[in-house]
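Peer 1: One file: target.csv (CSV, C-alpha atoms).
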```
chain,number,residue,atom,x,y,z
A,339,MET,CA,-32.7,25.6,3.2
A,340,SER,CA,-35.1,23.1,1.6
A,341,SER,CA,-33.5,19.8,2.4
A,342,ALA,CA,-33.8,16.6,0.4
A,343,ALA,CA,-35.1,15.0,3.6
A,344,ARG,CA,-38.1,17.4,3.8
A,345,HIS,CA,-38.7,17.2,0.1
A,346,LEU,CA,-38.7,13.4,-0.2
A,347,GLY,CA,-40.1,12.8,3.3
A,348,LYS,CA,-37.3,10.5,4.2
A,349,ALA,CA,-34.3,11.0,6.4
A,350,PHE,CA,-31.8,8.9,4.6
A,351,GLY,CA,-30.9,7.7,1.2
A,352,TYR,CA,-29.2,4.3,0.5
A,353,SER,CA,-26.9,3.3,-2.3
A,354,CYS,CA,-24.6,0.5,-3.2
A,355,GLN,CA,-21.2,1.3,-4.8
A,356,ALA,CA,-18.5,-0.9,-6.2
A,357,TRP,CA,-15.1,-0.3,-4.5
A,358,LEU,CA,-13.4,0.4,-7.8
A,359,ALA,CA,-15.8,3.3,-8.6
A,360,VAL,CA,-15.1,4.8,-5.2
A,361,ASP,CA,-11.4,4.3,-5.6
A,362,ILE,CA,-11.3,6.0,-9.0
A,363,ALA,CA,-13.4,8.9,-7.6
A,364,ASP,CA,-10.9,9.2,-4.8
A,365,ARG,CA,-7.9,9.3,-7.0
A,366,PHE,CA,-9.1,11.3,-10.0
A,367,PHE,CA,-12.2,13.2,-9.0
A,368,SER,CA,-11.2,14.7,-5.6
A,369,SER,CA,-13.5,12.2,-3.8
A,370,VAL,CA,-16.6,13.7,-5.4
A,371,TYR,CA,-19.0,10.8,-6.1
A,372,ARG,CA,-21.6,10.5,-8.8
A,373,THR,CA,-24.1,8.4,-7.0
A,374,TRP,CA,-27.6,7.0,-7.4
A,375,PHE,CA,-29.7,6.3,-4.3
A,376,SER,CA,-33.1,5.3,-3.2
A,377,THR,CA,-34.9,6.4,-0.1
A,378,SER,CA,-35.3,2.9,1.3
A,379,LEU,CA,-32.9,0.0,1.5
A,380,ASN,CA,-35.1,-2.4,-0.2
A,381,PRO,CA,-37.5,-0.3,-2.5
A,382,GLN,CA,-40.0,-2.8,-3.8
A,383,ARG,CA,-41.1,-0.8,-6.8
A,384,ASN,CA,-37.6,-0.3,-8.2
A,385,GLY,CA,-36.0,-2.7,-10.6
A,386,ALA,CA,-33.2,-5.0,-9.2
A,387,SER,CA,-30.5,-2.7,-10.6
A,388,SER,CA,-31.8,0.2,-8.5
A,389,ASN,CA,-32.4,-1.6,-5.3
A,390,PRO,CA,-29.4,-1.1,-2.9
A,391,LEU,CA,-30.0,-4.3,-1.0
A,392,THR,CA,-30.4,-6.4,-4.2
A,393,VAL,CA,-27.3,-4.8,-5.8
A,394,TYR,CA,-25.3,-5.4,-2.6
A,395,GLN,CA,-26.4,-9.1,-2.4
A,396,GLU,CA,-25.6,-9.6,-6.1
A,397,LEU,CA,-22.2,-8.0,-5.9
A,398,ASP,CA,-21.3,-9.7,-2.7
A,399,CYS,CA,-22.2,-13.1,-4.1
A,400,MET,CA,-20.4,-12.3,-7.3
A,401,VAL,CA,-17.2,-11.4,-5.5
A,402,ASP,CA,-17.5,-14.3,-3.1
A,403,LEU,CA,-17.7,-16.8,-6.0
A,404,ASN,CA,-15.2,-14.8,-8.1
A,405,ASP,CA,-17.8,-15.0,-10.8
A,406,HIS,CA,-16.0,-13.2,-13.6
A,407,HIS,CA,-18.7,-14.3,-16.1
A,408,HIS,CA,-21.4,-12.4,-14.2
A,409,SER,CA,-23.1,-9.9,-16.5
A,410,ARG,CA,-23.0,-7.3,-13.7
A,411,VAL,CA,-19.2,-7.3,-14.0
A,412,GLU,CA,-19.4,-6.3,-17.7
A,413,GLN,CA,-22.1,-3.8,-16.9
A,414,LEU,CA,-20.0,-2.1,-14.2
A,415,ARG,CA,-16.9,-2.1,-16.4
A,416,ASN,CA,-18.8,-0.4,-19.2
A,417,ARG,CA,-20.6,2.1,-16.9
A,418,LEU,CA,-17.3,3.1,-15.2
A,419,SER,CA,-15.6,3.4,-18.6
A,420,ASN,CA,-18.4,5.6,-19.9
A,421,TRP,CA,-18.3,7.8,-16.8
A,422,VAL,CA,-14.5,8.2,-17.0
A,423,GLY,CA,-14.6,8.8,-20.8
A,424,SER,CA,-17.2,11.5,-20.4
A,425,SER,CA,-15.2,13.4,-17.8
A,426,SER,CA,-12.8,16.2,-18.5
A,427,LEU,CA,-9.7,14.2,-17.5
A,428,SER,CA,-6.9,14.2,-20.0
A,429,ALA,CA,-6.7,11.5,-22.7
A,430,PRO,CA,-3.7,9.7,-21.1
A,431,ASP,CA,-5.6,9.6,-17.8
A,432,ILE,CA,-8.7,8.3,-19.5
A,433,ALA,CA,-6.7,5.6,-21.3
A,434,ALA,CA,-4.9,4.5,-18.1
A,435,ILE,CA,-8.1,4.3,-16.1
A,436,LEU,CA,-9.9,2.4,-18.8
A,437,ALA,CA,-7.1,-0.2,-18.8
A,438,GLU,CA,-7.4,-0.4,-15.1
A,439,ILE,CA,-11.1,-0.9,-15.2
A,440,VAL,CA,-10.9,-3.6,-17.9
A,441,ALA,CA,-8.2,-5.5,-16.1
A,442,ALA,CA,-9.7,-5.2,-12.6
A,443,PRO,CA,-10.3,-8.5,-11.0
A,444,VAL,CA,-13.8,-9.4,-9.7
A,445,PRO,CA,-12.9,-8.4,-6.0
A,446,ALA,CA,-12.4,-4.8,-7.2
A,447,PHE,CA,-16.2,-4.7,-7.6
A,448,ARG,CA,-16.9,-5.6,-4.0
A,449,PRO,CA,-19.9,-3.6,-2.7
A,450,GLN,CA,-20.1,-0.9,-0.2
A,451,LEU,CA,-23.4,0.0,1.3
A,452,TRP,CA,-23.9,3.7,1.8
A,453,LYS,CA,-26.3,5.7,3.9
A,454,ILE,CA,-26.7,9.4,2.9
A,455,ASP,CA,-28.1,11.9,5.4
A,456,LEU,CA,-30.7,13.7,3.3
A,457,SER,CA,-31.2,16.4,5.8
A,458,ASN,CA,-27.7,17.7,4.8
A,459,ILE,CA,-28.4,17.7,1.1
A,460,HIS,CA,-30.1,20.7,-0.7
A,461,VAL,CA,-33.0,19.6,-2.7
A,462,SER,CA,-31.6,21.3,-5.8
A,463,ARG,CA,-28.8,18.8,-6.0
A,464,ILE,CA,-31.2,15.8,-6.4
A,465,ILE,CA,-32.0,14.5,-9.9
A,466,SER,CA,-34.8,12.1,-10.4
A,467,LEU,CA,-33.6,9.5,-12.8
A,468,GLY,CA,-37.1,8.7,-13.9
A,469,GLN,CA,-36.7,5.1,-14.7
A,470,PHE,CA,-38.0,3.9,-11.3
A,471,PRO,CA,-40.2,5.7,-8.7
A,472,ASP,CA,-37.5,5.7,-6.0
A,473,GLU,CA,-34.3,6.3,-7.8
A,474,TYR,CA,-32.4,9.6,-7.6
A,475,GLN,CA,-28.9,10.8,-8.5
A,476,LEU,CA,-26.4,13.1,-6.8
A,477,LYS,CA,-23.5,14.2,-9.0
A,478,ASP,CA,-21.4,15.7,-6.3
A,479,LEU,CA,-21.6,13.7,-3.1
A,480,ILE,CA,-18.6,14.1,-0.8
A,481,ALA,CA,-17.2,11.8,1.8
A,482,SER,CA,-18.6,13.8,4.7
A,483,GLU,CA,-22.2,13.3,3.4
A,484,ILE,CA,-21.9,9.5,3.4
A,485,GLU,CA,-21.9,6.9,6.0
A,486,VAL,CA,-20.4,3.7,4.8
A,487,VAL,CA,-22.7,1.2,6.5
A,488,VAL,CA,-21.1,-1.9,5.2
A,489,PRO,CA,-17.6,-1.4,3.8
B,704,MET,CA,-1.9,10.1,-29.9
B,705,ARG,CA,-3.4,6.7,-29.2
B,706,GLU,CA,-4.7,7.9,-25.9
B,707,GLU,CA,-6.6,10.5,-27.7
B,708,LEU,CA,-8.2,7.7,-29.8
B,709,VAL,CA,-9.3,5.9,-26.7
B,710,ALA,CA,-11.1,9.1,-25.6
B,711,VAL,CA,-12.6,9.5,-29.1
B,712,TYR,CA,-14.0,6.0,-29.2
B,713,VAL,CA,-15.6,6.4,-25.7
B,714,LEU,CA,-17.2,9.7,-26.8
B,715,ILE,CA,-18.6,8.3,-30.0
B,716,GLY,CA,-20.0,5.4,-28.1
B,717,LEU,CA,-21.5,7.8,-25.6
B,718,ARG,CA,-23.0,9.8,-28.3
B,719,ALA,CA,-24.8,6.7,-29.6
B,720,LEU,CA,-25.8,5.8,-26.0
B,721,ALA,CA,-27.3,9.3,-25.5
B,722,ASP,CA,-29.8,8.5,-28.3
B,723,CYS,CA,-30.6,4.8,-27.6
B,724,ASP,CA,-30.6,4.7,-23.8
B,725,SER,CA,-31.0,8.2,-22.3
B,726,ALA,CA,-31.7,6.7,-18.8
B,727,GLU,CA,-28.3,5.0,-18.8
B,728,TYR,CA,-26.7,8.0,-20.4
B,729,VAL,CA,-27.7,10.4,-17.6
B,730,ARG,CA,-26.2,8.0,-15.1
B,731,VAL,CA,-22.8,8.4,-16.5
B,732,SER,CA,-22.6,11.9,-18.1
B,733,ASP,CA,-23.7,15.5,-17.9
B,734,LEU,CA,-22.7,16.4,-21.4
B,735,SER,CA,-25.4,17.5,-23.8
B,736,LYS,CA,-25.4,15.9,-27.3
B,737,GLY,CA,-24.0,19.2,-28.7
B,738,GLU,CA,-21.2,19.2,-26.2
B,739,LEU,CA,-20.4,15.6,-27.0
B,740,ASP,CA,-20.2,16.4,-30.7
B,741,LEU,CA,-17.9,19.3,-30.0
B,742,ARG,CA,-15.6,17.1,-27.9
B,743,ILE,CA,-15.5,14.4,-30.5
B,744,ALA,CA,-14.6,16.9,-33.2
B,745,SER,CA,-11.9,18.4,-30.9
B,746,ARG,CA,-10.4,15.0,-30.1
B,747,LEU,CA,-10.5,13.9,-33.7
B,748,ALA,CA,-8.7,17.2,-34.6
B,749,ALA,CA,-6.0,16.3,-32.1
B,750,VAL,CA,-5.2,13.1,-34.0
B,751,ARG,CA,-5.7,14.6,-37.5
B,752,PHE,CA,-2.1,14.1,-38.7
B,753,SER,CA,-2.1,10.5,-37.7
B,754,ASP,CA,-2.3,8.0,-40.6
B,755,ASP,CA,-3.1,5.3,-38.1
B,756,LEU,CA,-5.7,2.8,-39.0
B,757,ASP,CA,-7.5,3.4,-35.8
B,758,ARG,CA,-7.8,7.0,-36.5
B,759,ARG,CA,-9.5,6.3,-39.8
B,760,ASP,CA,-11.7,3.7,-38.1
B,761,ALA,CA,-12.7,6.3,-35.5
B,762,VAL,CA,-13.7,8.8,-38.2
B,763,SER,CA,-15.6,6.1,-40.0
B,764,ARG,CA,-17.5,5.2,-36.7
B,765,PHE,CA,-18.5,8.8,-36.3
B,766,GLU,CA,-19.7,8.9,-39.9
B,767,GLN,CA,-21.6,5.7,-39.2
B,768,LEU,CA,-23.3,7.3,-36.2
B,769,THR,CA,-24.4,10.2,-38.4
B,770,SER,CA,-25.7,7.9,-41.0
B,771,ILE,CA,-27.6,5.7,-38.5
B,772,LEU,CA,-29.3,8.8,-37.0
B,773,LYS,CA,-30.3,9.9,-40.4
B,774,ASP,CA,-31.3,6.7,-42.2
B,775,ALA,CA,-32.6,4.2,-39.6
B,776,LYS,CA,-36.1,3.1,-40.2
B,777,GLY,CA,-38.1,3.2,-37.0
B,778,ASN,CA,-37.2,3.4,-33.4
B,779,SER,CA,-36.4,-0.3,-32.9
B,780,GLU,CA,-33.9,-0.3,-35.7
B,781,LEU,CA,-32.4,3.0,-34.6
B,782,ASN,CA,-32.0,1.7,-31.0
B,783,PHE,CA,-30.6,-1.6,-32.1
B,784,LEU,CA,-28.0,0.0,-34.4
B,785,LEU,CA,-27.0,2.7,-31.9
B,786,ARG,CA,-26.6,0.1,-29.1
B,787,GLN,CA,-24.4,-2.0,-31.4
B,788,LEU,CA,-22.3,1.1,-32.2
B,789,HIS,CA,-22.1,2.1,-28.6
B,790,MET,CA,-20.7,-1.3,-27.6
B,791,ALA,CA,-18.4,-1.6,-30.5
B,792,CYS,CA,-16.8,1.8,-29.8
B,793,LEU,CA,-16.5,1.2,-26.1
B,794,GLN,CA,-14.9,-2.2,-26.6
B,795,ARG,CA,-12.4,-0.7,-29.1
B,796,ALA,CA,-11.6,2.0,-26.5
B,797,GLN,CA,-11.1,-0.7,-23.9
B,798,GLN,CA,-8.9,-2.8,-26.2
B,799,LEU,CA,-6.8,0.2,-27.2
B,800,SER,CA,-6.3,1.3,-23.6
B,801,LEU,CA,-5.0,-2.2,-22.7
B,802,SER,CA,-2.7,-2.3,-25.6
B,803,ILE,CA,-1.3,1.1,-24.6
B,804,VAL,CA,-0.6,0.0,-21.1
B,805,ASN,CA,0.7,-3.4,-22.2
B,806,SER,CA,3.1,-1.8,-24.7
B,807,GLY,CA,4.8,-0.1,-21.7
B,808,ALA,CA,4.9,3.2,-23.5
B,809,PRO,CA,5.8,5.9,-21.0
B,810,ARG,CA,2.7,7.7,-19.7
B,811,PRO,CA,2.7,11.4,-20.4
B,812,ALA,CA,2.7,13.6,-17.3
B,813,ARG,CA,-0.8,14.0,-16.0
B,814,GLU,CA,-2.2,17.3,-17.4
B,815,ASN,CA,-5.4,17.4,-15.3
B,816,PRO,CA,-5.2,15.2,-12.3
B,817,ARG,CA,-8.5,16.6,-11.0
B,818,ALA,CA,-11.6,17.6,-12.8
B,819,PRO,CA,-11.8,21.4,-12.7
B,820,GLY,CA,-14.3,23.1,-10.4
B,821,LEU,CA,-14.5,20.2,-8.0
B,822,ALA,CA,-14.2,20.7,-4.3
B,823,ALA,CA,-10.7,20.4,-2.7
B,824,SER,CA,-9.8,16.9,-1.6
B,825,PRO,CA,-11.1,16.1,1.8
B,826,ALA,CA,-8.8,14.8,4.5
B,827,ALA,CA,-10.1,11.3,4.0
B,828,ARG,CA,-8.8,11.2,0.5
B,829,ARG,CA,-5.4,12.5,1.6
B,830,ARG,CA,-5.2,10.0,4.3
B,831,VAL,CA,-6.0,7.1,1.9
B,832,LEU,CA,-3.5,8.3,-0.7
B,833,SER,CA,-0.8,8.9,1.9
B,834,ASP,CA,-1.4,5.5,3.6
B,835,ASP,CA,-1.1,3.7,0.3
B,836,HIS,CA,2.0,5.6,-0.5
B,837,LEU,CA,3.6,4.7,2.8
B,838,ARG,CA,2.7,1.0,2.7
B,839,LEU,CA,3.4,0.4,-0.9
B,840,GLY,CA,6.7,2.3,-0.6
B,841,VAL,CA,7.8,0.4,2.5
B,842,MET,CA,6.8,-3.0,0.9
B,843,ARG,CA,8.8,-2.2,-2.2
B,844,LEU,CA,11.8,-1.2,0.0
B,845,LEU,CA,11.5,-4.5,1.9
B,846,ARG,CA,12.2,-6.3,-1.3
B,847,GLU,CA,15.7,-4.7,-1.2
B,848,LEU,CA,16.1,-5.3,2.5
B,849,PRO,CA,15.3,-9.0,3.2
B,850,GLY,CA,14.8,-9.9,6.8
B,851,TYR,CA,13.5,-6.5,7.9
B,852,SER,CA,10.0,-6.3,9.5
B,853,PRO,CA,7.9,-3.2,9.3
B,854,VAL,CA,5.9,-1.7,12.2
B,855,PHE,CA,3.6,0.9,10.9
B,856,GLU,CA,2.5,3.9,12.9
B,857,TYR,CA,5.0,3.2,15.5
B,858,ALA,CA,3.9,4.9,18.7
B,859,VAL,CA,6.3,6.4,21.2
B,860,SER,CA,4.7,8.2,24.2
B,861,SER,CA,2.1,10.6,22.7
B,862,SER,CA,3.4,10.7,19.1
B,863,GLN,CA,4.1,8.3,16.3
B,864,VAL,CA,6.3,7.8,13.4
B,865,ASP,CA,5.0,6.4,10.1
B,866,CYS,CA,7.0,3.2,10.1
B,867,VAL,CA,10.0,1.6,11.8
B,868,LEU,CA,11.8,-1.2,9.9
B,869,GLU,CA,13.2,-3.5,12.5
B,870,PRO,CA,16.3,-5.3,11.5
B,871,PRO,CA,16.7,-9.1,11.4
B,872,ALA,CA,18.1,-10.8,14.4
B,873,ASP,CA,21.6,-11.1,12.8
B,874,GLY,CA,22.1,-7.4,12.7
B,875,GLY,CA,21.7,-4.3,10.6
B,876,PRO,CA,20.6,-0.9,11.5
B,877,ALA,CA,17.0,0.0,12.4
B,878,ILE,CA,15.4,2.3,9.8
B,879,VAL,CA,12.9,5.0,10.7
B,880,VAL,CA,10.6,6.1,7.9
B,881,GLU,CA,8.4,9.1,7.4
B,882,ALA,CA,6.3,9.4,4.2
B,883,LYS,CA,4.9,12.3,2.4
B,884,VAL,CA,3.3,12.1,-1.0
B,885,ARG,CA,4.3,15.6,-2.0
B,886,LEU,CA,7.3,17.3,-0.6
B,887,VAL,CA,7.8,20.7,-2.0
B,888,ALA,CA,8.6,23.2,0.8
B,889,PRO,CA,12.0,22.9,2.4
B,890,SER,CA,10.4,24.0,5.7
B,891,GLU,CA,8.2,20.9,5.5
B,892,ALA,CA,11.2,18.7,4.8
B,893,ALA,CA,13.0,20.3,7.8
B,894,SER,CA,10.1,19.5,10.0
B,895,LEU,CA,10.2,15.8,8.8
B,896,VAL,CA,13.9,15.7,9.5
B,897,LYS,CA,13.3,17.0,13.0
B,898,THR,CA,10.7,14.2,13.7
B,899,LEU,CA,13.0,11.6,12.2
B,900,ARG,CA,16.0,12.8,14.3
B,901,LYS,CA,13.9,12.5,17.4
B,902,TYR,CA,13.1,8.9,16.7
B,903,VAL,CA,16.5,8.0,15.4
B,904,GLY,CA,17.8,9.2,18.8
B,905,LEU,CA,15.3,6.9,20.6
B,906,TRP,CA,16.4,3.9,18.6
B,907,GLY,CA,20.1,4.5,19.2
B,908,LYS,CA,23.3,4.9,17.3
B,909,GLY,CA,23.5,3.6,13.8
B,910,THR,CA,19.8,4.0,13.1
B,911,LEU,CA,19.0,5.3,9.6
B,912,ALA,CA,16.3,7.7,8.6
B,913,VAL,CA,14.3,7.6,5.4
B,914,ILE,CA,11.9,10.0,3.8
B,915,LEU,CA,9.6,8.4,1.3
B,916,ALA,CA,8.1,10.9,-1.1
B,917,SER,CA,6.7,11.0,-4.6
B,918,GLU,CA,6.8,14.6,-5.7
B,919,ILE,CA,10.0,16.2,-4.5
B,920,SER,CA,11.0,19.7,-5.4
B,921,ALA,CA,14.5,20.6,-6.3
B,922,ALA,CA,14.6,23.0,-3.3
B,923,VAL,CA,13.8,20.1,-0.9
B,924,ARG,CA,16.5,17.9,-2.5
B,925,ASP,CA,19.1,20.7,-2.1
B,926,SER,CA,18.0,21.3,1.5
B,927,LEU,CA,18.6,17.6,2.4
B,928,THR,CA,21.9,16.9,0.6
B,929,LYS,CA,24.0,17.5,3.7
B,930,GLU,CA,21.8,15.5,6.2
B,931,LYS,CA,23.8,12.6,7.6
B,932,ASP,CA,22.3,9.1,7.7
B,933,LEU,CA,19.2,10.4,6.0
B,934,TYR,CA,18.0,8.9,2.7
B,935,LEU,CA,15.4,10.6,0.4
B,936,LEU,CA,13.6,7.9,-1.6
B,937,ASP,CA,11.6,9.0,-4.6
B,938,PHE,CA,8.9,6.4,-4.9
B,939,ASP,CA,6.6,6.1,-7.9
B,940,GLN,CA,3.5,4.4,-6.8
B,941,GLU,CA,2.1,3.8,-10.3
B,942,SER,CA,5.2,1.8,-11.4
B,943,ASN,CA,5.9,0.5,-7.9
B,944,ALA,CA,9.6,1.5,-8.3
B,945,PHE,CA,12.0,4.0,-6.9
B,946,ARG,CA,12.9,6.7,-9.4
B,947,GLU,CA,16.5,7.3,-8.6
B,948,PRO,CA,19.4,5.4,-7.0
B,949,GLY,CA,18.8,6.7,-3.4
B,950,VAL,CA,17.5,3.3,-2.6
B,951,GLN,CA,20.8,1.7,-3.8
B,952,THR,CA,22.8,4.0,-1.6
B,953,LEU,CA,20.6,2.9,1.3
B,954,THR,CA,20.9,-0.8,0.6
B,955,THR,CA,24.6,-0.6,0.2
B,956,ARG,CA,24.9,1.1,3.5
B,957,VAL,CA,22.7,-1.5,5.2
B,958,ARG,CA,24.7,-4.4,3.7
B,959,ALA,CA,27.9,-2.7,4.8
B,960,ALA,CA,26.5,-2.6,8.3
B,961,TYR,CA,25.8,-6.4,8.1
B,962,ALA,CA,29.3,-7.1,6.9
B,963,ARG,CA,30.8,-5.5,10.0
```
Would you mind giving the structure from this file in structure tokens?

Peer 2:
Amino acid sequence: MSSAARHLGKAFGYSCQAWLAVDIADRFFSSVYRTWFSTSLNPQRNGASSNPLTVYQELDCMVDLNDHHHSRVEQLRNRLSNWVGSSSLSAPDIAAILAEIVAAPVPAFRPQLWKIDLSNIHVSRIISLGQFPDEYQLKDLIASEIEVVVP
Amino acid sequence: MREELVAVYVLIGLRALADCDSAEYVRVSDLSKGELDLRIASRLAAVRFSDDLDRRDAVSRFEQLTSILKDAKGNSELNFLLRQLHMACLQRAQQLSLSIVNSGAPRPARENPRAPGLAASPAARRRVLSDDHLRLGVMRLLRELPGYSPVFEYAVSSSQVDCVLEPPADGGPAIVVEAKVRLVAPSEAASLVKTLRKYVGLWGKGTLAVILASEISAAVRDSLTKEKDLYLLDFDQESNAFREPGVQTLTTRVRAAYAR
């Protein structure tokens, strides 16, 4: 097997996820997570939105201050709504989840920092998102492939 | 019908996003533009008999999308207009979804609780769901049983019961609770009853047993009808309510014990 670790020359990937995204995946997508990651915790050449450490700090601060005007809240609500709307869930489920996302309080976006063992991931599962040099996507990550470093 | 419109609006918005911000689009969707178009057409067909204003608006948004793609002058204008349309459609979907939920309309049964082709749910997910089910169900029950205190995962020797509701100092029976999100097989119910009987025996005479479940088959209900001092509570986690009067029978019994 050609592992992602060998392919990328890195043992681990890092990602930051909002709790609400994880919860929706747990309840409606059989705990299969659509996840972005980078191969270092603080990739200097990625933009702020693709840097796990920066995203963690930003979400953590946002939740701590209950900053419901923060633009990241809107961005996450929209991104989650798009993801759910694009899925094959039924229309009633989509409508119900969208309402949940829109009404979710700021603490629902509290961050989780994930560590992904890339030696267990086949290279064919990795998609390079292309926007930044160290930003990849996994569409089908499962719980056993993740270590939640900071819950 | 209105739920279909929510889905239509999101899809039209996504179709616009696919052309104006492909990097963002691949973060949220695997559908090709062709697949998106097909889905939009299929969802619109599902609401074709509706004379609803929203339906007409959704159709008009889709036509607007086609027109932008055809007529926009230059990339800047195209991207600007598509982004505007994307946001307008997404916001309309979000507003509609809220109004559906706030109108309190009964939610149709879930047709497709899991996306097809995905792996079976791991134990972690089951544990989370079942833990939520237990804790939310018990907390809802406590609103009917003031003074009771819950002890979750009550351990006795090498095993444990999901929860014990300890009675207030002024009396009332202890209540032993086992929770199961889905209770379909009578054999599974029989095994729960066996566990409960063991703990009821430990707590002494008068102790009541409760099974807290969410999806209960008729066969299970039949198998439990003759069980003494056992209450089957059908808890709906989404509405945070018990579905049938089993809880009333239980609270009446507890109050009667107080009265004595």

Peer 1: Taking 6 positions as the minimum chain separation for residues in the same chain, which residues sit within 9 Å of Leu708 in chain B when counting only C-alpha atoms? Answer as a PyMOL selection string.

Peer 2: (chain A and resi 429+433) or (chain B and resi 746-747+750+757-758+761+796+799)

Peer 1: Just to be explicit: take each residue in the selection above, keep C-alpha atoms, and write the result as a compact mmCIF listing (two decimals), keeping the file's coordinate frame.

Peer 2:
```
# COMPACT_ATOMS: atom_id res chain seq x y z
CA ALA A 429 -6.70 11.50 -22.70
CA ALA A 433 -6.70 5.60 -21.30
CA ARG B 746 -10.40 15.00 -30.10
CA LEU B 747 -10.50 13.90 -33.70
CA VAL B 750 -5.20 13.10 -34.00
CA ASP B 757 -7.50 3.40 -35.80
CA ARG B 758 -7.80 7.00 -36.50
CA ALA B 761 -12.70 6.30 -35.50
CA ALA B 796 -11.60 2.00 -26.50
CA LEU B 799 -6.80 0.20 -27.20
```

Peer 1: Define the interface residues of chain A facing chain B as those within 8 Å, counting all atoms listed in the file, and report them as a PyMOL selection string.

Peer 2: chain A and resi 364-370+374+416-421+423-434+436-437+440+467-469+475+481

Peer 1: Find the spatial neighbours of Ser462 in chain A, counting only C-alpha atoms, within a cut-off of 9 Å - ignore same-chain residues fewer than 2 positions away - and output them as a list in words.

Peer 2: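 The contact residues come out as Ser340, Ser341, Ala342, Ile459, His460, Ile464 and Ile465 of chain A.
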
Peer 1: What is the CA of Leu915 in chain B to CA of Leu927 in chain B distance in Å?

Peer 2: 12.9 Å

Peer 1: Write out as a PyMOL selection string each polymer residue whose atoms come within 10 Å of range 921-923 of chain B, counting only C-alpha atoms; drop sequence neighbours fewer than 6 positions from it.

Peer 2: chain B and resi 886-893+935

Peer 1: Can you tell me, as a ChimeraX atom specification, what residues are no more than 9 Å from range 471-474 of chain A when counting only C-alpha atoms, ignoring any on the same chain fewer than 4 positions away?

Peer 2: /A:373-378,381,383-384,388-389,464-467

Peer 1: Figure out the distance between CA of Pro445 in chain A and CA of Glu941 in chain B, please, to one decimal in Å.

Peer 2: 19.8 Å

Peer 1: List the spatial neighbours of Gln395 in chain A as a PyMOL selection string - criterion: any atom at most 10 Å away, only C-alpha atoms, same-chain residues fewer than 6 positions off excluded.

Peer 2: chain A and resi 354+401+449

Peer 1: Suppose you want the space between CA of Gln767 in chain B and CA of Ile439 in chain A; what is it in Å?

Peer 2: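 These atoms are spaced 27.0 Å apart.
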
Peer 1: Which residue out of A:Phe447, A:Phe470, A:Trp357, A:Tyr371 has the minimum interatomic distance to Leu397 in chain A when only C-alpha atoms are used?

Peer 2: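 Nearest candidate to Leu397 in chain A out of A:Phe447, A:Phe470, A:Trp357, A:Tyr371: A:Phe447.
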
Peer 1: The residues within 10 Å of (6.8, 3.5, -4.2), using all atoms listed in the file and the coordinates of the file, should be reported as a VMD selection string; which are they?

Peer 2: chain B and resid 835 to 844 884 915 to 917 936 to 946
